[in-house]
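Participant: My questions all concern the structure below.
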Amino acid sequence: MPTYQGGCHCGAVRYELTKAEPPVSFTDCNCSVCTKKGVLHYGSEHDEFRLLQGEDALKLYQFNTTTAKHWFCGTCGIHVYGVPRSHPHRLSVNARTLDDLHALLPSVTLTPYDGVNHPKDRQA
């Protein structure tokens with residue numbers, strides 16, 4: 001199974017992601033926070049993600065319904081992963097934090113997601 005590593009800019013936060021298959025798509029959400037952060041979402045199950053270091057460096061940002069959780073490095077400010085409002089039972093790794101992102105991009109499509117018009121009362 002493919003295993004990917006990644007982390008924040010300063011290196012305080014590091015993670016490992018083990019997937020059954022290589023990625024074929026990253027999600028590009030147009031909501032206010034994803035747009036400003038420039039996140040490309042790579043959906044993950046909780047058991048596919050392993051935080052290797054930096055739990056103490058992580059900070060949590062939430063707003064509006066507080067369903068979504070946005071974890072970022074408190075030192076360099078890079079958004080590493082989160083729990084999306086659209087799928088609160090899953091994780092979303094910021095694909096831009098993958099160590100080998102540039103090698104993956106040629107074979108991955110970007111799938112738009114209309115987070116601006118996401119139903120505010122939707123429960124997964």
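The chains in the structure tokens are called A, B, ... from first to last as shown; in each chain the residues are counted from 1, and the ligands are counted from 1 in the order shown.
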Quick one: residues within 10 Å of Ala20 (chain A), only C-alpha atoms, excluding same-chain residues fewer than 6 positions away - as a list in words?
Facilitator: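 So the residues in contact are Met1, Pro2, Thr3 and Glu48 of chain A.
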Participant: Can you check which residues of chain A DSSP gives as strand (DSSP E or B) on the backbone and send them as a PyMOL selection string?
Facilitator: chain A and resi 3-7+14-18+25-29+41-44+49-53+58-61+69-73+79-83+91-94+98+109-113
Participant: Counting only C-alpha atoms, what is within 9 Å of Leu17 (chain A), bar same-chain residues fewer than 6 positions away, as a CSV table (one decimal) with C-alpha atoms, in the first residue's frame?
Facilitator:
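Done, and the output landed in selection.csv:
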chain,number,residue,atom,x,y,z
A,2,PRO,CA,1.3,3.5,-0.9
A,3,THR,CA,2.6,5.4,2.1
A,4,TYR,CA,3.1,9.2,1.9
A,5,GLN,CA,4.7,11.5,4.4
A,6,GLY,CA,4.2,15.2,4.9
A,44,SER,CA,-8.7,10.0,4.5
A,47,ASP,CA,-6.9,4.8,10.5
A,48,GLU,CA,-5.0,5.8,7.4
A,49,PHE,CA,-3.5,8.9,9.1
A,50,ARG,CA,-0.8,8.8,11.7
A,51,LEU,CA,0.7,11.9,13.3
A,93,VAL,CA,-5.2,16.0,4.7
Participant: List the spatial neighbours of Cys73 (chain A) as JSON, numbers by chain - criterion: any atom at most 12 Å away, only C-alpha atoms, same-chain residues fewer than 6 positions off excluded.
Facilitator: {"A": [7, 8, 9, 10, 11, 12, 13, 14, 53, 54, 55, 56, 57, 58, 59, 60, 61, 79, 80, 81, 82, 97]}
